[in-house]
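Text of coords23.cif (mmCIF, C-alpha atoms) as supplied:
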```cif
data_entry
loop_
_atom_site.group_PDB
_atom_site.id
_atom_site.type_symbol
_atom_site.label_atom_id
_atom_site.label_comp_id
_atom_site.auth_asym_id
_atom_site.auth_seq_id
_atom_site.Cartn_x
_atom_site.Cartn_y
_atom_site.Cartn_z
ATOM 1 C CA ASN I 751 95.401 127.165 91.496
ATOM 2 C CA ASP I 752 97.421 129.998 93.030
ATOM 3 C CA ALA I 753 99.346 127.549 95.165
ATOM 4 C CA ALA I 754 100.144 125.375 92.153
ATOM 5 C CA VAL I 755 101.389 128.459 90.296
ATOM 6 C CA LYS I 756 103.613 129.331 93.255
ATOM 7 C CA ILE I 757 105.047 125.815 93.351
ATOM 8 C CA GLN I 758 105.636 125.833 89.604
ATOM 9 C CA ALA I 759 107.312 129.256 89.766
ATOM 10 C CA GLY I 760 109.554 128.096 92.591
ATOM 11 C CA PHE I 761 110.522 124.986 90.646
ATOM 12 C CA ARG I 762 111.207 126.966 87.482
ATOM 13 C CA GLY I 763 113.488 129.280 89.469
ATOM 14 C CA HIS I 764 115.264 126.265 90.918
ATOM 15 C CA GLN I 765 115.586 124.700 87.468
ATOM 16 C CA THR I 766 116.983 127.896 85.942
ATOM 17 C CA ARG I 767 119.526 128.310 88.733
ATOM 18 C CA THR I 768 120.619 124.694 88.309
ATOM 19 C CA GLU I 769 121.090 125.189 84.559
ATOM 20 C CA MET I 770 123.038 128.404 85.100
ATOM 21 C CA LYS I 771 125.231 126.733 87.697
ATOM 22 C CA SER I 772 126.078 123.835 85.401
ATOM 23 C CA SER I 773 126.701 126.081 82.376
ATOM 24 C CA ASN I 774 128.839 128.663 84.195
ATOM 25 C CA ASN I 775 130.495 126.221 86.624
ATOM 26 C CA GLU I 776 130.048 128.810 89.339
ATOM 27 C CA ASN I 777 129.301 127.903 92.914
ATOM 28 C CA LEU I 778 125.974 129.688 93.287
ATOM 29 C CA GLU I 779 124.009 128.993 96.414
ATOM 30 C CA GLU I 780 120.843 127.105 95.550
ATOM 31 C CA GLU I 781 117.715 128.694 96.956
ATOM 32 C CA ILE I 782 114.095 127.705 96.518
ATOM 33 C CA ASP I 783 111.542 130.504 96.622
ATOM 34 C CA ILE I 784 108.661 128.550 98.158
ATOM 35 C CA ASP I 785 107.101 129.827 101.372
ATOM 36 C CA LEU I 786 106.465 126.565 103.239
ATOM 37 C CA ASP I 787 104.278 128.354 105.800
ATOM 38 C CA ASP I 788 101.799 129.513 103.122
ATOM 39 C CA PRO I 789 98.483 127.603 103.505
ATOM 40 C CA ASP I 790 97.965 127.593 99.710
ATOM 41 C CA VAL I 791 101.309 125.873 99.222
ATOM 42 C CA ASN I 792 100.389 123.338 101.890
ATOM 43 C CA ASP I 793 97.005 122.655 100.236
ATOM 44 C CA ALA I 794 98.669 122.190 96.846
ATOM 45 C CA ALA I 795 101.223 119.801 98.320
ATOM 46 C CA VAL I 796 98.446 117.767 99.960
ATOM 47 C CA LYS I 797 96.601 117.517 96.609
ATOM 48 C CA ILE I 798 99.764 116.419 94.815
ATOM 49 C CA GLN I 799 100.479 113.812 97.503
ATOM 50 C CA ALA I 800 96.883 112.519 97.424
ATOM 51 C CA GLY I 801 97.022 112.188 93.654
ATOM 52 C CA PHE I 802 100.270 110.260 93.832
ATOM 53 C CA ARG I 803 98.987 107.978 96.597
ATOM 54 C CA GLY I 804 95.891 107.227 94.511
ATOM 55 C CA HIS I 805 98.079 106.417 91.523
ATOM 56 C CA GLN I 806 100.300 104.196 93.654
ATOM 57 C CA THR I 807 97.322 102.353 95.183
ATOM 58 C CA ARG I 808 95.745 101.703 91.774
ATOM 59 C CA LYS I 809 99.074 100.394 90.501
ATOM 60 C CA ASP I 810 99.469 98.090 93.526
ATOM 61 C CA MET I 811 95.898 96.807 93.170
ATOM 62 C CA LYS I 812 96.483 96.058 89.486
ATOM 63 C CA ASN I 813 99.628 94.096 90.369
ATOM 64 C CA ASP I 814 97.750 92.204 93.123
ATOM 65 C CA ASP I 815 94.964 91.270 90.669
ATOM 66 C CA GLU I 816 97.520 89.994 88.152
ATOM 67 C CA GLU I 817 99.194 87.862 90.846
ATOM 68 C CA LYS I 818 95.832 86.408 91.932
ATOM 69 C CA ASP I 819 95.035 85.463 88.353
ATOM 70 C CA LYS I 820 98.380 83.657 88.079
ATOM 71 C CA ASN I 821 97.913 81.830 91.386
ATOM 72 C CA GLU I 822 94.361 80.601 90.791
ATOM 73 C CA GLU I 823 94.071 76.935 89.977
ATOM 74 C CA GLU I 824 91.581 75.598 87.514
ATOM 75 C CA VAL I 825 89.366 72.866 88.944
ATOM 76 C CA ASP I 826 88.713 70.071 86.485
ATOM 77 C CA ILE I 827 85.613 68.065 87.407
ATOM 78 C CA ASP I 828 84.418 65.240 85.205
ATOM 79 C CA LEU I 829 80.663 65.808 85.121
ATOM 80 C CA ASN I 830 80.108 62.381 83.579
ATOM 81 C CA ASP I 831 81.662 60.575 86.566
ATOM 82 C CA PRO I 832 78.980 58.577 88.477
ATOM 83 C CA GLU I 833 80.519 59.517 91.847
ATOM 84 C CA VAL I 834 80.187 63.213 91.022
ATOM 85 C CA ASN I 835 76.549 62.632 90.056
ATOM 86 C CA ASP I 836 75.855 60.757 93.323
ATOM 87 C CA ALA I 837 77.467 63.565 95.348
ATOM 88 C CA ALA I 838 75.355 66.187 93.564
ATOM 89 C CA VAL I 839 72.176 64.206 94.259
ATOM 90 C CA LYS I 840 73.049 63.964 97.979
ATOM 91 C CA ILE I 841 73.719 67.713 98.198
ATOM 92 C CA GLN I 842 70.440 68.507 96.442
ATOM 93 C CA ALA I 843 68.482 66.120 98.673
ATOM 94 C CA GLY I 844 69.988 67.662 101.792
ATOM 95 C CA PHE I 845 69.047 71.142 100.626
ATOM 96 C CA ARG I 846 65.498 70.102 99.719
ATOM 97 C CA GLY I 847 65.102 68.578 103.191
ATOM 98 C CA HIS I 848 66.329 71.813 104.739
ATOM 99 C CA GLN I 849 63.868 73.806 102.629
ATOM 100 C CA THR I 850 60.944 71.544 103.554
ATOM 101 C CA ARG I 851 61.727 71.674 107.287
ATOM 102 C CA LYS I 852 61.892 75.459 107.103
ATOM 103 C CA GLU I 853 58.531 75.654 105.297
ATOM 104 C CA MET I 854 56.922 73.292 107.806
ATOM 105 C CA LYS I 855 58.222 75.373 110.696
ATOM 106 C CA ASN I 856 56.744 78.531 109.141
ATOM 107 C CA LYS I 857 53.379 76.803 108.563
ATOM 108 C CA ASN I 858 53.287 75.590 112.178
ATOM 109 C CA GLU I 859 54.019 79.094 113.451
ATOM 110 C CA GLU I 860 51.241 80.524 111.256
ATOM 111 C CA THR I 861 48.804 77.883 112.517
ATOM 112 C CA ASN I 862 49.651 78.693 116.132
ATOM 113 C CA ASP I 863 49.217 82.416 115.459
ATOM 114 C CA ASN I 864 45.813 81.899 113.806
ATOM 115 C CA GLU I 865 44.325 79.805 116.630
ATOM 116 C CA GLU I 866 42.043 81.807 118.878
ATOM 117 C CA GLU I 867 42.532 81.527 122.559
ATOM 118 C CA ILE I 868 39.335 80.749 124.429
ATOM 119 C CA ASP I 869 39.183 81.913 128.016
ATOM 120 C CA ILE I 870 36.886 79.795 130.156
ATOM 121 C CA ASP I 871 36.244 80.829 133.719
ATOM 122 C CA LEU I 872 35.705 77.625 135.657
ATOM 123 C CA ASP I 873 34.512 79.486 138.751
ATOM 124 C CA ASP I 874 31.617 81.079 136.876
ATOM 125 C CA PRO I 875 28.293 79.293 137.732
#
```
Can I see the file as structure tokens?
Amino acid sequence: NDAAVKIQAGFRGHQTRTEMKSSNNENLEEEIDIDLDDPDVNDAAVKIQAGFRGHQTRKDMKNDDEEKDKNEEEVDIDLNDPEVNDAAVKIQAGFRGHQTRKEMKNKNEETNDNEEEIDIDLDDP
């Protein structure tokens, strides 16, 4: 907060000098009273810059979203078309086959895990 107050005070001084210069038409030397080596001033500047960058990023993202919405094409599929129905049936059958093969593989692995191994010593009389 102190840094923000310092920045504001420096700007107000600058603003007042500018107004006086324009009203009096005198050639006053413009001087800003901000100590750029002050860590508080640096922290305040970083916060101001971060806030602006956030604002700018949100604005850019909003514009990008609007452009995407404009560029998206609407896909028009006739669900009553027999070819579309045949294609859907083939996709579903392929997936069901995949599911069944996966289940069978899992069952075979479980069966192999559940089988007990019997150790027979053939050299034992």
Coordinates-based distance that separates CA of Arg803 (chain I) from CA of Asp819 (chain I) (Å, one decimal):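 Atom-to-atom, CA of Asp819 (chain I) to CA of Arg803 (chain I), that is 24.3 Å.
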The distance between CA of Thr766 (chain I) and CA of Ala753 (chain I) is 19.9 Å
Answer key for the PyMOL selection byres ((chain I and resi 785-792) around 12), residues as a list in words: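 Here the PyMOL selection byres ((chain I and resi 785-792) around 12) matches Asn751, Asp752, Ala753, Ala754, Val755, Lys756, Ile757, Gln758, Ala759, Gly760, Glu781, Ile782, Asp783, Ile784, Asp793, Ala794, Ala795, Val796, Lys797, Ile798 and Gln799 of chain I.
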Between CA of Gln806 (chain I) and CA of Lys820 (chain I) - distance in Å to one decimal: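 Pair CA of Lys820 (chain I) / CA of Gln806 (chain I) returns 21.4 Å.
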